[in-house]
Each structure stands twice: as C-alpha cells, then as structure tokens.
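Colleague: Provided below: start.cif, containing mmCIF, C-alpha atoms.
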```cif
data_my_file
#
loop_
_atom_site.label_atom_id
_atom_site.label_comp_id
_atom_site.auth_asym_id
_atom_site.auth_seq_id
_atom_site.Cartn_x
_atom_site.Cartn_y
_atom_site.Cartn_z
CA MET J 1326 10.65 0.23 37.06
CA ASP J 1327 11.30 1.05 40.73
CA GLN J 1328 15.00 1.66 40.08
CA VAL J 1329 14.44 3.81 36.97
CA VAL J 1330 14.81 7.46 37.93
CA GLY J 1331 14.68 9.07 34.49
CA VAL J 1332 13.69 8.30 30.90
CA SER J 1333 13.97 9.87 27.45
CA HIS J 1334 11.22 11.78 25.67
CA GLU J 1335 10.48 8.60 23.67
CA CYS J 1336 10.05 6.21 26.58
CA ASP J 1337 6.41 5.19 27.07
CA TYR J 1338 6.54 1.46 27.82
CA PRO J 1339 5.66 0.00 30.21
CA PRO J 1340 3.06 2.65 31.09
CA GLU J 1341 4.89 3.39 34.34
CA ALA J 1342 7.65 4.97 32.26
CA ASN J 1343 5.39 7.96 31.73
CA ASP J 1344 5.57 8.68 35.45
CA ARG J 1345 9.35 9.14 35.40
CA SER J 1346 11.27 12.36 34.84
CA ARG J 1347 12.14 13.00 31.20
CA VAL J 1348 15.77 13.98 30.73
CA THR J 1349 15.81 14.49 26.95
CA HIS J 1350 13.80 16.60 24.52
CA CYS J 1351 13.39 16.78 20.75
CA PRO J 1352 11.87 19.89 19.12
CA LEU J 1353 10.58 17.77 16.23
CA HIS J 1354 8.02 16.16 18.51
CA ASP J 1355 6.19 19.45 18.89
CA ALA J 1356 6.78 20.89 15.42
CA GLY J 1357 4.02 19.11 13.47
CA LEU J 1358 6.25 18.75 10.41
CA LYS J 1359 5.52 16.58 7.38
CA SER J 1360 7.79 13.62 6.62
CA GLN J 1361 9.78 15.45 3.97
CA GLU J 1362 10.19 18.43 6.28
CA VAL J 1363 11.41 16.15 9.09
CA ASP J 1364 13.98 14.61 6.75
CA GLU J 1365 15.19 18.03 5.60
CA TRP J 1366 15.39 19.31 9.20
CA VAL J 1367 17.43 16.32 10.36
CA ARG J 1368 19.80 16.46 7.39
CA ARG J 1369 20.39 20.17 7.97
CA ALA J 1370 21.05 19.63 11.67
CA LEU J 1371 23.56 16.86 10.96
CA ARG J 1372 25.24 18.88 8.21
CA GLU J 1373 25.60 21.92 10.43
CA ASP J 1374 26.52 19.85 13.50
CA GLY J 1375 23.44 21.17 15.24
CA PRO J 1376 21.60 19.37 18.06
CA ILE J 1377 18.66 17.12 17.22
CA TYR J 1378 18.12 16.34 20.90
CA THR J 1379 18.84 18.15 24.13
CA ILE J 1380 19.58 16.79 27.60
CA ASP J 1381 18.24 18.39 30.77
CA GLU J 1382 21.60 18.50 32.51
CA PRO J 1383 20.40 20.08 35.80
CA LEU J 1384 17.71 17.41 36.11
CA LEU J 1385 20.18 14.63 35.36
CA ARG J 1386 22.51 15.92 38.07
CA LYS J 1387 19.63 16.01 40.50
CA LEU J 1388 18.60 12.43 39.72
CA ARG J 1389 22.18 11.13 40.29
CA PRO J 1390 21.86 7.90 38.25
CA ASP J 1391 24.27 4.99 38.81
CA VAL J 1392 23.78 3.70 35.25
CA ILE J 1393 22.94 5.49 32.00
CA LEU J 1394 21.72 3.47 29.01
CA THR J 1395 22.52 5.09 25.67
CA GLN J 1396 23.35 4.07 22.09
CA LYS J 1397 25.68 4.49 19.12
CA LEU J 1398 23.28 2.88 16.67
CA CYS J 1399 21.76 6.04 15.20
CA ASP J 1400 22.33 9.72 15.97
CA VAL J 1401 19.00 10.49 14.27
CA CYS J 1402 17.02 8.29 16.66
CA ALA J 1403 18.39 9.41 20.04
CA VAL J 1404 21.02 11.52 21.74
CA GLY J 1405 24.46 10.65 20.37
CA TYR J 1406 26.70 8.42 22.47
CA GLY J 1407 29.52 10.94 22.58
CA THR J 1408 27.28 13.65 24.01
CA VAL J 1409 26.02 11.34 26.73
CA ALA J 1410 29.47 9.98 27.59
CA ARG J 1411 31.02 13.43 27.91
CA LEU J 1412 28.23 14.63 30.17
CA ALA J 1413 28.36 11.47 32.29
CA GLU J 1414 32.04 12.12 33.08
CA THR J 1415 31.04 15.34 34.85
CA LEU J 1416 28.24 13.79 36.93
CA PRO J 1417 28.59 12.59 40.53
CA GLY J 1418 29.89 9.05 40.69
CA PRO J 1419 30.33 9.14 37.74
CA PRO J 1420 27.56 6.84 36.46
CA ARG J 1421 28.38 3.81 34.32
CA VAL J 1422 27.46 4.40 30.66
CA ILE J 1423 26.16 1.34 28.79
CA ASN J 1424 26.12 1.53 25.00
CA LEU J 1425 23.40 -0.43 23.18
CA GLU J 1426 24.16 -0.85 19.47
CA PRO J 1427 22.30 -3.85 18.07
CA SER J 1428 22.05 -4.72 14.37
CA SER J 1429 20.47 -8.18 14.66
CA LEU J 1430 18.21 -10.26 16.86
CA SER J 1431 21.21 -11.86 18.54
CA ASP J 1432 22.62 -8.39 19.26
CA ILE J 1433 19.32 -7.38 20.87
CA PHE J 1434 19.47 -10.44 23.13
CA ASP J 1435 23.09 -9.64 24.03
CA ASP J 1436 22.01 -6.12 24.99
CA ILE J 1437 19.28 -7.53 27.24
CA ARG J 1438 21.98 -9.62 28.96
CA ARG J 1439 24.27 -6.59 29.26
CA VAL J 1440 21.63 -4.43 30.89
CA ALA J 1441 20.57 -7.23 33.23
CA GLU J 1442 24.17 -7.87 34.27
CA VAL J 1443 24.91 -4.27 35.18
CA CYS J 1444 21.63 -4.14 37.12
CA GLY J 1445 22.38 -7.40 38.95
CA VAL J 1446 19.46 -9.41 37.55
CA SER J 1447 21.15 -11.71 35.03
CA GLU J 1448 18.86 -14.63 35.86
CA HIS J 1449 15.84 -12.63 34.74
CA ALA J 1450 17.51 -11.90 31.40
CA GLU J 1451 18.11 -15.57 30.64
CA GLU J 1452 14.53 -16.45 31.48
CA LEU J 1453 13.21 -13.67 29.23
CA ILE J 1454 15.54 -14.55 26.36
CA GLY J 1455 14.48 -18.16 26.61
CA GLN J 1456 10.82 -17.19 26.26
CA LEU J 1457 11.53 -14.87 23.32
CA SER J 1458 13.72 -17.45 21.57
CA ARG J 1459 11.00 -20.09 21.75
CA ARG J 1460 8.53 -17.70 20.12
CA ILE J 1461 11.02 -16.92 17.34
CA GLU J 1462 11.70 -20.59 16.67
CA ALA J 1463 7.97 -21.36 16.57
CA VAL J 1464 7.56 -18.84 13.73
CA ARG J 1465 10.75 -19.94 12.00
CA ARG J 1466 9.82 -23.64 11.95
CA ARG J 1467 6.34 -23.05 10.57
CA ALA J 1468 7.48 -20.46 7.99
CA TYR J 1469 10.28 -22.76 6.79
CA ARG J 1470 7.69 -25.23 5.51
CA ILE J 1471 5.94 -22.58 3.38
CA ALA J 1472 7.03 -22.67 -0.27
CA ASN J 1473 5.68 -19.24 -1.19
CA ARG J 1474 8.02 -16.47 -0.05
CA PRO J 1475 6.53 -13.11 -1.08
CA ARG J 1476 8.67 -10.11 -1.99
CA VAL J 1477 8.25 -7.61 0.83
CA LEU J 1478 9.17 -3.94 0.98
CA LEU J 1479 9.60 -2.97 4.62
CA MET J 1480 9.83 0.82 4.52
CA GLU J 1481 11.37 2.83 7.35
CA TRP J 1482 10.45 6.18 5.76
CA VAL J 1483 8.24 7.26 2.88
CA ASP J 1484 9.21 10.76 1.85
CA PRO J 1485 11.96 10.24 0.80
CA PRO J 1486 11.83 6.42 0.63
CA PHE J 1487 14.11 4.49 2.98
CA CYS J 1488 14.53 0.72 2.88
CA SER J 1489 14.68 -1.44 6.00
CA GLY J 1490 17.94 -2.11 7.77
CA HIS J 1491 19.50 -3.77 10.80
CA TRP J 1492 17.11 -6.46 12.09
CA GLY J 1493 14.25 -5.62 9.68
CA PRO J 1494 15.26 -7.90 6.77
CA GLU J 1495 16.06 -10.64 9.28
CA LEU J 1496 12.51 -10.48 10.63
CA ILE J 1497 11.15 -10.71 7.08
CA GLU J 1498 13.26 -13.80 6.39
CA ILE J 1499 12.18 -15.60 9.55
CA ALA J 1500 8.52 -14.73 8.88
CA GLY J 1501 8.72 -16.40 5.46
CA GLY J 1502 9.41 -13.58 3.01
CA CYS J 1503 12.28 -11.76 1.32
CA ASP J 1504 13.07 -8.07 1.21
CA PRO J 1505 15.17 -7.43 -1.93
CA SER J 1506 15.60 -3.77 -1.01
CA GLY J 1507 16.55 -4.35 2.63
CA ARG J 1508 20.02 -4.08 4.15
CA LYS J 1509 20.34 -6.95 6.61
CA HIS J 1510 22.37 -6.01 9.70
CA GLN J 1511 23.30 -2.66 8.11
CA PRO J 1512 21.82 0.82 8.52
CA SER J 1513 18.73 1.79 6.58
CA VAL J 1514 19.42 4.11 3.65
CA GLN J 1515 17.48 6.29 1.25
CA ILE J 1516 16.59 4.51 -1.98
CA ARG J 1517 15.30 5.76 -5.32
CA TRP J 1518 11.60 5.27 -5.99
CA GLN J 1519 12.57 3.54 -9.23
CA GLU J 1520 14.23 0.83 -7.12
CA VAL J 1521 10.86 0.16 -5.51
CA LEU J 1522 9.17 -0.04 -8.90
CA ASP J 1523 11.88 -2.42 -10.14
CA ALA J 1524 11.58 -4.65 -7.04
CA ARG J 1525 7.82 -5.06 -7.62
CA PRO J 1526 6.99 -5.99 -4.02
CA ASP J 1527 4.03 -8.28 -3.39
CA ILE J 1528 3.57 -6.73 0.06
CA ILE J 1529 4.49 -3.31 1.44
CA VAL J 1530 4.77 -2.72 5.17
CA LEU J 1531 5.15 0.86 6.38
CA ALA J 1532 7.20 0.59 9.59
CA LEU J 1533 8.11 4.26 9.75
CA CYS J 1534 10.77 5.05 12.31
CA GLY J 1535 9.24 6.77 15.33
CA TYR J 1536 5.72 6.76 13.87
CA ASP J 1537 2.58 5.19 15.25
CA ILE J 1538 -0.39 3.90 13.24
CA ASP J 1539 -1.99 7.30 12.67
CA ARG J 1540 1.17 8.95 11.34
CA ALA J 1541 1.92 5.92 9.16
CA ARG J 1542 -1.59 6.08 7.67
CA HIS J 1543 -1.01 9.72 6.80
CA ASP J 1544 2.20 8.83 4.98
CA TYR J 1545 0.45 6.03 3.11
CA GLU J 1546 -1.56 8.77 1.38
CA ILE J 1547 1.72 10.37 0.32
CA LEU J 1548 2.98 7.02 -0.97
CA ARG J 1549 -0.14 6.54 -3.10
CA ARG J 1550 0.72 9.69 -5.06
CA PHE J 1551 4.17 8.46 -6.13
CA PRO J 1552 4.39 7.86 -9.93
CA GLY J 1553 3.74 4.27 -10.89
CA PHE J 1554 2.42 3.30 -7.45
CA ASP J 1555 -0.69 1.65 -8.94
CA SER J 1556 1.51 -0.62 -11.06
CA LEU J 1557 2.99 -2.35 -8.00
CA PRO J 1558 1.64 -5.85 -7.24
CA ALA J 1559 1.16 -4.84 -3.60
CA ALA J 1560 -1.05 -1.90 -4.65
CA GLN J 1561 -3.03 -3.95 -7.16
CA CYS J 1562 -3.75 -6.69 -4.60
CA GLY J 1563 -4.36 -4.38 -1.66
CA GLU J 1564 -1.42 -5.83 0.26
CA ILE J 1565 -0.19 -2.67 1.97
CA TYR J 1566 -0.04 -2.46 5.75
CA VAL J 1567 0.85 0.20 8.28
CA VAL J 1568 2.29 -0.82 11.63
CA ASN J 1569 3.07 0.87 14.91
CA ALA J 1570 6.82 1.06 14.42
CA SER J 1571 7.23 3.39 17.36
CA ALA J 1572 6.09 0.62 19.70
CA TYR J 1573 7.50 -2.40 17.89
CA PHE J 1574 9.70 -2.46 14.79
CA ALA J 1575 11.91 0.53 15.60
CA ARG J 1576 12.62 -0.48 19.21
CA PRO J 1577 15.30 -3.16 19.70
CA GLY J 1578 13.91 -4.72 22.86
CA PRO J 1579 11.69 -7.65 23.88
CA ARG J 1580 8.79 -6.41 21.72
CA ILE J 1581 10.86 -7.01 18.59
CA VAL J 1582 9.46 -10.55 18.75
CA ASP J 1583 5.96 -9.08 18.59
CA SER J 1584 7.14 -7.42 15.38
CA LEU J 1585 8.11 -10.81 13.97
CA GLU J 1586 4.70 -12.24 14.80
CA ILE J 1587 2.98 -9.23 13.23
CA LEU J 1588 4.94 -9.85 10.03
CA ALA J 1589 4.09 -13.55 10.06
CA GLY J 1590 0.39 -12.67 10.22
CA ILE J 1591 0.79 -10.22 7.33
CA LEU J 1592 2.87 -12.47 5.06
CA HIS J 1593 1.10 -15.77 5.71
CA PRO J 1594 -2.30 -15.18 7.34
CA LYS J 1595 -3.57 -18.72 6.73
CA GLU J 1596 -0.54 -20.30 8.39
CA PHE J 1597 -0.42 -17.76 11.25
CA PRO J 1598 -4.09 -16.93 11.95
CA GLN J 1599 -3.31 -16.08 15.59
CA PHE J 1600 -1.18 -13.14 14.43
CA VAL J 1601 -3.57 -11.68 11.85
CA SER J 1602 -4.74 -8.10 12.38
CA ARG J 1603 -7.99 -7.74 14.25
CA GLY J 1604 -9.08 -4.85 12.06
CA PRO J 1605 -9.10 -1.07 12.54
CA ASP J 1606 -9.09 -1.42 16.34
CA ASP J 1607 -5.78 -3.33 16.33
CA PRO J 1608 -3.16 -0.96 17.83
CA ARG J 1609 -0.32 -2.81 16.09
CA VAL J 1610 -1.20 -3.09 12.40
CA ILE J 1611 -3.96 -2.23 9.93
CA ARG J 1612 -4.44 -2.94 6.26
CA ALA J 1613 -4.15 0.36 4.41
CA GLY J 1614 -4.51 -0.66 0.79
#
```
Would you mind writing the structure in this file as structure tokens?

Modeller:
Amino acid sequence: MDQVVGVSHECDYPPEANDRSRVTHCPLHDAGLKSQEVDEWVRRALREDGPIYTIDEPLLRKLRPDVILTQKLCDVCAVGYGTVARLAETLPGPPRVINLEPSSLSDIFDDIRRVAEVCGVSEHAEELIGQLSRRIEAVRRRAYRIANRPRVLLMEWVDPPFCSGHWGPELIEIAGGCDPSGRKHQPSVQIRWQEVLDARPDIIVLALCGYDIDRARHDYEILRRFPGFDSLPAAQCGEIYVVNASAYFARPGPRIVDSLEILAGILHPKEFPQFVSRGPDDPRVIRAG
C-alpha cells in the first residue's frame, strides 16, 4: 500500500486503504435509498447521460499518480473508463491508465498479472496466482465427486430481480451446483420474477452488488413478499443465504476465491465443513431463511 496515493470511495481493503485520499464520490452512498429507488436513480442517470460518480480532479492533480487503475466492465459499478481516460490525458505525466475488465476467473488472474507488471512486481503476482489456483482446484476436485448438484439462484439484485453474471455462474459450477438463471461470462441482467418461480431453485444466495450483510438482510425481507416466494424449494427448506458481496462476490480480485469457498460451504456443507458459516457473527455469510 505504500505506493498507493489515492483510492475510490469503495476501496476499504486492506484496512490501510481507508487511510488514503479518496478521489471519487457517489451520491447514492449517502442517500439512504431503497433498492428499487437505487435502480430507478441509476437508470435515470444512464438514460439522461448524467453522472453516477464524480472525480475530485484537483485532488487527483495534486496526487500526481503514475498509474491509474480503472475499468470498462460496468458503468454502474464505478467511474466509466472514458471519463477516467479523458481526464488522465490532461494530468501531469500523463499517468498510464490500466483497464480492468474481467468476466471470468482466468480474466481476474490476467488482471492481477497486468497490475503487477506495470508496478514492477510480476514475481509476486505469479506466487499469488499459484496460491489462489491451488485453492480453486481443491474445491473443484472435491465438488466433482459429488453427484448432487443443487439448482442455485445467485442474485445480484432483488428489487427488481437480477440474475448473476460474469464469474458468478462459474463459481457456482466449480462449487458443485448449477445456476439455470445465470449468465456465465456475460453481464448480469434483470429477469422476471416468474423466471425465478419457473427455475425452482433449491438454494438462493443474495450476493447483492455493493451490499454488505446488513443491507442484504434488509432486501431478503423484500424478497419474502414477492408472490409465490413460499412455493420455492429454497424457501420451503430454509436454504436462503445472504453474503457480503461488497467484500467478496462483487469484487474481481484475490478474494473471489473466498467467494468460491463460501459457496462450497453453502452448497455442500458436509463435504466442505471448513467453509460452513459460523453463524450470525460470520462477517461473510449468514443463513436468512
């Protein structure tokens, strides 16, 4: 972290990130809006070409970064690549702009290599990727031997419902399940509630983009009021979980492997007892229903 001079409003890991200057801001973080209101606000901003995020340009000029990490993956999740690139051209240097746009686990590992290379620490990236890959393969090998593959709905938003996308369905597959509603290596999209009823998931995992455990628990109460919710196998068996997507599932970095292990503990607790939730004090996942 010694070479990091600035971070976004979302950056909070490792804890030292909170000591760095924040160069972006999002009004939604302070608005206290409900999920449906957040969705409506974002759609309106995109439709009207309005800003979802702002950059503190004077601060960025003062910090004089050599490298700026940004992304094209999702304009809803962070400042758009074009905005960052245009601003970077006017900064002293100018700084090198690195785009991170992963859609799969292998893409995430490639991004780790890319960041390490530009920072001159490629050997550290290969060591880290080796450790992460061994953890993934340990889950994959054990899950492959399990005959039962539950139907899982990994939700990225509740109101309105959004299925999982990008690396989400891939994590489900490796952990020993299937997500019939998911869009593997493609963006998440809004789905009709009837599609959820038709899919009849055995397990529902609320990995709500940008939300921690407390916000996800609040949205679980919204989900429970959807028509036909009680008819779902997941609801009838109490197999509904909320996870800290803000820390894990929604962030394409090293902790994505923690997300895989969390899923393995949810889908197959007997086979993966070391990954099972430790109860209400577990900051990663709790059983909601």

Colleague: On this structure, the PyMOL selection byres ((chain J and resi 1390) around 10) would catch which residues? List them as a list in words, sorted by chain and number.

Modeller: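 This file gives the following for the PyMOL selection byres ((chain J and resi 1390) around 10): Gln1328, Val1329, Val1330, Gly1331, Leu1385, Arg1386, Lys1387, Leu1388, Arg1389, Asp1391, Val1392, Ile1393, Ala1413, Leu1416, Pro1417, Gly1418, Pro1419, Pro1420 and Arg1421 of chain J.
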
Colleague: Can you work out the spacing between atom CA of J:Arg1609 and atom CA of J:Val1568 in Å, to one decimal?

Modeller: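 Distance between the two atoms: 5.5 Å.
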
Colleague: Let me make sure I understand: among J:Lys1397, J:Asp1337, J:Arg1612, J:Pro1475, which one has the smallest atom-to-atom distance to J:Tyr1573 if we use only C-alpha atoms?

Modeller: J:Asp1337

Colleague: Written as a short mmCIF file (atom, residue, chain, number, x, y, z; two decimals) with C-alpha atoms, in the coordinates of the input, what is the full residue list that the PyMOL selection byres ((chain J and resi 1381) around 9) yields on the file shown?

Modeller:
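Below you can see part_25.cif, which holds the result:
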```
data_model
loop_
_atom_site.label_atom_id
_atom_site.label_comp_id
_atom_site.auth_asym_id
_atom_site.auth_seq_id
_atom_site.Cartn_x
_atom_site.Cartn_y
_atom_site.Cartn_z
CA ARG J 1347 12.14 13.00 31.20
CA VAL J 1348 15.77 13.98 30.73
CA THR J 1349 15.81 14.49 26.95
CA HIS J 1350 13.80 16.60 24.52
CA THR J 1379 18.84 18.15 24.13
CA ILE J 1380 19.58 16.79 27.60
CA GLU J 1382 21.60 18.50 32.51
CA PRO J 1383 20.40 20.08 35.80
CA LEU J 1384 17.71 17.41 36.11
CA LEU J 1385 20.18 14.63 35.36
CA ARG J 1386 22.51 15.92 38.07
#
```

Colleague: Counting only C-alpha atoms, which of J:Ile1461, J:Ile1423, J:Val1363, J:Ile1471 gets nearest to J:Pro1594?

Modeller: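 Distance minimum relative to J:Pro1594 lands on J:Ile1471.
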
Colleague: Counting only C-alpha atoms, which residues have an atom no more than 10 Å from (12.6, -13.2, 4.4) in the file's coordinates? Please list them as a compact mmCIF listing (two decimals) with C-alpha atoms, keeping the file's coordinate frame.

Modeller:
```
# COMPACT_ATOMS: atom_id res chain seq x y z
CA ALA J 1468 7.48 -20.46 7.99
CA ARG J 1474 8.02 -16.47 -0.05
CA PRO J 1475 6.53 -13.11 -1.08
CA ARG J 1476 8.67 -10.11 -1.99
CA VAL J 1477 8.25 -7.61 0.83
CA GLY J 1493 14.25 -5.62 9.68
CA PRO J 1494 15.26 -7.90 6.77
CA GLU J 1495 16.06 -10.64 9.28
CA LEU J 1496 12.51 -10.48 10.63
CA ILE J 1497 11.15 -10.71 7.08
CA GLU J 1498 13.26 -13.80 6.39
CA ILE J 1499 12.18 -15.60 9.55
CA ALA J 1500 8.52 -14.73 8.88
CA GLY J 1501 8.72 -16.40 5.46
CA GLY J 1502 9.41 -13.58 3.01
CA CYS J 1503 12.28 -11.76 1.32
CA ASP J 1504 13.07 -8.07 1.21
CA PRO J 1505 15.17 -7.43 -1.93
CA GLY J 1507 16.55 -4.35 2.63
CA LEU J 1592 2.87 -12.47 5.06
```

Colleague: Which of these, J:Ala1572, J:Leu1478, J:Ile1591, J:Val1440, has the shortest distance to J:Trp1518 once you count only C-alpha atoms?

Modeller: J:Leu1478

Colleague: So the first atom is atom CA of J:Ile1565 and the second is atom CA of J:Ile1529; what is the distance between them in Å, to one decimal place?

Modeller: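 For atom CA of J:Ile1565 relative to atom CA of J:Ile1529, the distance reads 4.8 Å.
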
Colleague: So which one's closest to J:Ser1602, J:Val1567, J:Cys1399, J:Val1582, J:Cys1534? Using all atoms listed in the file, please.

Modeller: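 So, comparing all the options, the nearest one is J:Val1567.
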
Colleague: For atom CA of J:Asp1436 and atom CA of J:Ala1403, determine how far apart the two atoms are, in Å to one decimal place.

Modeller: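 That distance, rounded to one decimal, is 16.7 Å.
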
Colleague: Which residue is closest to J:Tyr1338? Choose from J:Ala1441, J:Glu1451, J:Tyr1378, J:Arg1580 and count all atoms listed in the file.

Modeller: J:Arg1580

Colleague: I would like the residues chosen by the PyMOL selection byres ((chain J and resi 1508) around 7) on the shown file; could you give them as a PDB file with C-alpha atoms, in the coordinates of the input?

Modeller:
```pdb
ATOM      1  CA  SER J1489      14.680  -1.440   6.000  1.00  0.00           C
ATOM      2  CA  GLY J1490      17.940  -2.110   7.770  1.00  0.00           C
ATOM      3  CA  HIS J1491      19.500  -3.770  10.800  1.00  0.00           C
ATOM      4  CA  PRO J1494      15.260  -7.900   6.770  1.00  0.00           C
ATOM      5  CA  SER J1506      15.600  -3.770  -1.010  1.00  0.00           C
ATOM      6  CA  GLY J1507      16.550  -4.350   2.630  1.00  0.00           C
ATOM      7  CA  LYS J1509      20.340  -6.950   6.610  1.00  0.00           C
ATOM      8  CA  HIS J1510      22.370  -6.010   9.700  1.00  0.00           C
ATOM      9  CA  GLN J1511      23.300  -2.660   8.110  1.00  0.00           C
ATOM     10  CA  PRO J1512      21.820   0.820   8.520  1.00  0.00           C
ATOM     11  CA  SER J1513      18.730   1.790   6.580  1.00  0.00           C
TER      12      SER J1513
END
```

Colleague: Let me make sure I understand: among J:Ile1433, J:Val1422, J:Ala1613, J:Arg1517, which one has the smallest atom-to-atom distance to J:Cys1562 if we use only C-alpha atoms?

Modeller: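 Smallest distance to J:Cys1562 is found for J:Ala1613.
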
Colleague: Taking 3 positions as the minimum chain separation for residues in the same chain, which residues sit within 12 Å of J:Arg1439 when counting only C-alpha atoms? Answer as a ChimeraX atom specification.

Modeller: /J:1392,1394,1422-1427,1432-1436,1442-1451
